[in-house]
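What follows is a short report on a single structure.
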Amino acid sequence: MTQLVDIRDLRVDATTDAGRRIEIIKGISLSVAEGEMVALIGESGSGKTTIALSLLGHARDGCRIAGGSILVAGQDMAKLTERERAKLRGTVVSYVPQSAAAAFNPSLRVMDQVIEITRIHRLMPRAEAEARAIALFRALSLPEPERIGARYPHQLSGGQLQRLAAAMALIGNPRLVVFDEPTTALDVTTQIEVLRAIKSVMRGTSAGGVYVSHDLAIVAQVADRIVVLKNGEVQEEGLTAQILSAPRHPYTKALLAAFRPETVPAQPAVAEAASAAPPVLEVDDVSAGYGWMPGRAMPLIRAVKNVSFQVERGRNIGIIGESGCGKSTLARTIAGIMPACGGGISLEGQRLAPLAAQRSREQLRRLQIVFQSADTALNPAKQIGEIIGRPLTFYKGMRGAAREARVDQLLDMVQLPRPLKHRHAAELSGGQKQRVNLARALAAEPSVILCDEITSALDTVVAAAIIELLRELQNGLGLSYVFISHDLPTVQAICDEVVVMRGGEKLEQCPAMQVGDPSGHPYSQLLMASVPRLDPTWLDGLDSHPQLGRAPPG
Amino acid sequence: MRPQVLTSRRPSFRFNLVGWVSLAIILFWALAAIAAPAFAPHGVGDMVDDDYFGPISWALPLGSDYLGRDMLSRIMYGTRYTVGISLAAVLIACTTGVVLGMTAATAGGWLDTVLSRGLDALSSIPSKLFGLVVVAAVGSSIPVLIMTLAVIYTPGAYRFARALAVNVSTMDFVTAARIRGEGTRYLIGAEILPNIIGPVFADIGLRFVFIVLLLSGLSFLGLGVQPPNADWGALVRENIGGLPFGAPAVMAPSLAIASLTISVNLLIDNLPRKIRDRSA
């Protein structure tokens, strides 16, 4: 086979604020054959997106391709002028971005954007381009392929937009398509549709592909070969089956290990002791929503409908569902960020007021929430020590040396080095930020912590470490977690029981390991079946699944 | 986790040449204002030249004005009025505006509505006209000037701060502080203000420039600082008769106004930037 892509000794530099140059890609060589799909896998900061962008001859702001050659279909992208590169983009090499929702212009019809490449490069007349686009829509199993082009991006779902982005990339008949985490922002069930569409459409063309992801299971479904990256260097390279079954490098092994979180059964001792006491958190028939109008009993849109559950002391409950199922609204209602419009919430037997402002300081202290995005949950203008120390001063009046000592203890508890307390949040990695976030909640010494998708923005290995930390903390402190996530394996790793939600309603509640059992709700089974497996035949095997099989698209 | 070298280091700053030059000019004028009584060669009202609109000479480095008074001394004393009044007015306007703006953004609801509509009404009055009417009605004195200028520029500062604070107050860290039970004073002082302080400083600088210009305008119309004292605007008006002769007496105060306002503008565009170098 001829080599479609041949990267030799690629080096990419970044300039820091202080004007120093840092090498972020340290001499990488890799190749892609015609019609082959190569996956680049690694944690954030490993350089996988930088390499993917270099295939288009592009370096992000402050970065520069410092050395090496990037041969794509015989042309060196590193040496061409910007004008020459622009000619190749879309026709020889094209790009599917991570967030298609952000990549579409909201004020233009989808069709105009999909066929833009044919217009810019004057490849074919408009009618022909539209016919080709419709054929691609059909191949990508988009609903109403003839008419979908007339819609605007806001009228389409995330999964549909992601497939349209793929159509946009394929319209110019490129020889190489670069996929940059195309399914990361999607729900598991949507992810399957998109993956299947991408896989089938790529099979139908002779184009080669580069698939960037941090998720080994996803990569296992689509890639022929896997390149494992860390710190801008290739750690390991091999055929998909070989990497999955016989990883050689320690980092690859860690990735695989993180994929199978060990599940621990609940601590029965704690549970039995607590069985006589009232539940630590009781959610009773709670409804909540948006669009509250005076004089109306119910808000316009009810995001949570009559949900009830209980959390026993020292036990954890998971709330799982796809985006829009009301799980985050439920968390915000419990925390008092938005009021419930019906039902009641009790903490350790005490009924809580609907809004945080009406609750007592003691009640607020015992119920803490940890947010999904550690970036926005930490004040960028404050030092870490101040952020963790504030609840100590606020709830307990701790000051000076006592407060400092306690902050040090908390940093130890979340396994962060103590000197970090003089840093600002922007100087920390994602995992470190989430630990600080957790330390702030722990500082209040709560009895319940609401964890709202706290691992969703993290890399697999980092997320596994956070879950491990949560479990260790629980053993020492007798906490309870309400763990909200769309990721079933994560929830199963930490929770005793799981509540499955859809459309604002609680579908069922069952022990964590029994989610998806044939006796349970069909939707739980669907969720369970949608969780990607490391087995490369998993995606194709789904064709025979009763719910996920190739039904008419919709 | 990756081991990291952790040192608590002092942040370094980068400050460019334009910033330095404008800072030097601003400091020069600040010094002139403070040191006027000590360094001014003559008194404000002293007639020292036999001629009027005298040229630049060793004895009178900026010439003499329409009554034969020393221009250098008059500009030095004028600096005190221009810089002093403007500084007082801008501090009052921005403190009031920023505090009210952040409070409105954090509290929301009826307080926000009342404050916003009230200040909108105030900002709908043309500023020069407002100044003219107040000074004409109450008479011109320095406290009246300061308060008038402050009132004129409060709504703008309020709008600006509110817009910034609304963005910050929807961030999760503010929500986290809210459900910790923190009061409004902590929320605006500790959580929101540190995150908007940069733009707020830029706004103060810009508003200072506007106030200098408006004050100079009022003085030019004869409603500002009253004779024998004069701020820069009044100096321009007094000596406008020297324009046909190219007298330094009319050039010098105009240049003073220009150099101060342009320097403040350039300084806020080129403020020192903190260097955050993660792996340094």
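In the structure tokens, chains take letters A, B, ... by order of appearance, with residues numbered from 1 within each chain and ligands from 1 in the order shown.
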Open item on the list: as a PyMOL selection string, please: every residue in stretch 371-546 of chain A that DSSP puts in helix (DSSP H, G or I).
Closed with: chain A and resi 374-377+384-396+400-413+418-422+425-427+430-443+460-477+488-494+512-514+522-530+538-544
Can you pull out every residue within 12 Å of B:Leu27, counting only C-alpha atoms, but drop anything in the same chain fewer than 2 positions away, and send it as an mmCIF file with N, CA and C atoms, in the first residue's frame?
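Contents of part37.cif, as written:
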```
data_model
loop_
_atom_site.group_PDB
_atom_site.id
_atom_site.type_symbol
_atom_site.label_atom_id
_atom_site.label_comp_id
_atom_site.auth_asym_id
_atom_site.auth_seq_id
_atom_site.Cartn_x
_atom_site.Cartn_y
_atom_site.Cartn_z
ATOM 1 N N TRP B 20 5.442 52.945 29.661
ATOM 2 C CA TRP B 20 6.399 53.707 30.478
ATOM 3 C C TRP B 20 6.338 55.201 30.173
ATOM 4 N N VAL B 21 6.320 55.542 28.874
ATOM 5 C CA VAL B 21 6.320 56.957 28.494
ATOM 6 C C VAL B 21 5.058 57.634 29.010
ATOM 7 N N SER B 22 3.883 56.969 28.823
ATOM 8 C CA SER B 22 2.659 57.628 29.270
ATOM 9 C C SER B 22 2.631 57.738 30.788
ATOM 10 N N LEU B 23 3.147 56.708 31.457
ATOM 11 C CA LEU B 23 3.199 56.786 32.918
ATOM 12 C C LEU B 23 4.076 57.964 33.342
ATOM 13 N N ALA B 24 5.199 58.172 32.637
ATOM 14 C CA ALA B 24 6.112 59.272 32.972
ATOM 15 C C ALA B 24 5.405 60.619 32.815
ATOM 16 N N ILE B 25 4.627 60.764 31.731
ATOM 17 C CA ILE B 25 3.927 62.035 31.511
ATOM 18 C C ILE B 25 2.885 62.266 32.602
ATOM 19 N N TRP B 29 2.742 65.369 35.421
ATOM 20 C CA TRP B 29 1.638 66.271 35.734
ATOM 21 C C TRP B 29 1.222 66.157 37.192
ATOM 22 N N ALA B 30 1.298 64.939 37.735
ATOM 23 C CA ALA B 30 0.959 64.775 39.153
ATOM 24 C C ALA B 30 1.932 65.572 39.998
ATOM 25 N N LEU B 31 3.214 65.500 39.625
ATOM 26 C CA LEU B 31 4.243 66.232 40.352
ATOM 27 C C LEU B 31 4.011 67.730 40.236
ATOM 28 N N ALA B 32 3.677 68.165 39.006
ATOM 29 C CA ALA B 32 3.427 69.594 38.787
ATOM 30 C C ALA B 32 2.303 70.074 39.692
ATOM 31 N N ALA B 33 1.262 69.258 39.837
ATOM 32 C CA ALA B 33 0.141 69.654 40.667
ATOM 33 C C ALA B 33 0.552 69.759 42.131
ATOM 34 N N ILE B 34 1.299 68.727 42.586
ATOM 35 C CA ILE B 34 1.664 68.704 44.007
ATOM 36 C C ILE B 34 2.653 69.829 44.328
ATOM 37 N N ALA B 35 3.621 70.035 43.423
ATOM 38 C CA ALA B 35 4.729 70.923 43.744
ATOM 39 C C ALA B 35 4.529 72.353 43.260
ATOM 40 N N THR B 79 -3.004 72.831 36.844
ATOM 41 C CA THR B 79 -2.962 71.377 36.939
ATOM 42 C C THR B 79 -3.708 70.889 38.176
ATOM 43 N N VAL B 83 -6.545 68.261 37.355
ATOM 44 C CA VAL B 83 -6.328 66.889 37.808
ATOM 45 C C VAL B 83 -7.117 66.610 39.083
ATOM 46 N N SER B 259 -1.767 66.227 26.218
ATOM 47 C CA SER B 259 -0.766 65.265 26.680
ATOM 48 C C SER B 259 -1.324 64.420 27.830
ATOM 49 N N LEU B 260 -2.087 65.030 28.738
ATOM 50 C CA LEU B 260 -2.609 64.250 29.867
ATOM 51 C C LEU B 260 -3.640 63.226 29.396
ATOM 52 N N SER B 263 -2.056 60.455 27.310
ATOM 53 C CA SER B 263 -1.219 59.567 28.119
ATOM 54 C C SER B 263 -2.058 58.609 28.945
ATOM 55 N N VAL B 264 -3.132 59.130 29.553
ATOM 56 C CA VAL B 264 -3.977 58.247 30.356
ATOM 57 C C VAL B 264 -4.559 57.150 29.478
ATOM 58 N N LEU B 267 -1.860 54.702 28.610
ATOM 59 C CA LEU B 267 -1.454 53.898 29.764
ATOM 60 C C LEU B 267 -2.449 52.770 30.004
#
```
What are the closest atom pairs, with distances in Å to one decimal, for each residue of chain A lying within 6 Å of chain B, using only C-alpha atoms, rows by chain and rising residue number, as CSV?
```
residue,atom,partner,partner_atom,distance
A:Asp17,CA,B:Ile275,CA,5.7
A:Ala356,CA,B:Ile179,CA,5.5
A:Thr376,CA,B:Asp172,CA,5.4
A:Ala377,CA,B:Phe173,CA,4.1
A:Leu378,CA,B:Phe173,CA,5.3
A:Asn379,CA,B:Phe173,CA,5.8
A:Ala381,CA,B:Pro194,CA,5.8
A:Glu427,CA,B:Arg278,CA,5.6
```
With N, CA and C atoms retained, write the just-selected residues as a PDB file, in the first residue's frame.
```pdb
ATOM      1  N   ASP A  17       3.859  32.937  27.758  1.00  0.00           N
ATOM      2  CA  ASP A  17       3.716  34.365  28.059  1.00  0.00           C
ATOM      3  C   ASP A  17       5.065  35.039  28.222  1.00  0.00           C
ATOM      4  N   ALA A 356     -31.788  28.043  48.746  1.00  0.00           N
ATOM      5  CA  ALA A 356     -30.637  28.068  49.634  1.00  0.00           C
ATOM      6  C   ALA A 356     -30.672  29.272  50.561  1.00  0.00           C
ATOM      7  N   THR A 376     -15.007  26.694  35.851  1.00  0.00           N
ATOM      8  CA  THR A 376     -15.860  27.811  36.248  1.00  0.00           C
ATOM      9  C   THR A 376     -16.226  27.732  37.722  1.00  0.00           C
ATOM     10  N   ALA A 377     -15.919  26.620  38.372  1.00  0.00           N
ATOM     11  CA  ALA A 377     -16.315  26.479  39.773  1.00  0.00           C
ATOM     12  C   ALA A 377     -15.281  27.049  40.725  1.00  0.00           C
ATOM     13  N   LEU A 378     -14.100  27.382  40.221  1.00  0.00           N
ATOM     14  CA  LEU A 378     -13.067  27.980  41.062  1.00  0.00           C
ATOM     15  C   LEU A 378     -12.836  29.414  40.619  1.00  0.00           C
ATOM     16  N   ASN A 379     -12.844  30.327  41.570  1.00  0.00           N
ATOM     17  CA  ASN A 379     -12.637  31.743  41.250  1.00  0.00           C
ATOM     18  C   ASN A 379     -11.215  31.948  40.720  1.00  0.00           C
ATOM     19  N   ALA A 381      -9.517  34.481  40.293  1.00  0.00           N
ATOM     20  CA  ALA A 381      -8.749  35.576  40.887  1.00  0.00           C
ATOM     21  C   ALA A 381      -8.205  35.221  42.260  1.00  0.00           C
ATOM     22  N   GLU A 427      -3.462  27.732  36.854  1.00  0.00           N
ATOM     23  CA  GLU A 427      -2.166  27.063  36.752  1.00  0.00           C
ATOM     24  C   GLU A 427      -2.267  25.571  37.051  1.00  0.00           C
TER      25      GLU A 427
END
```
- [ ] Find the distance between atom CA of A:Val500 and atom CA of A:Met298 and write it in Å to one decimal.
- [x] 23.5 Å
TODO: Could you check how far atom CA of A:His121 sits from atom CA of A:Leu176, in Å to one decimal?
DONE: 16.7 Å
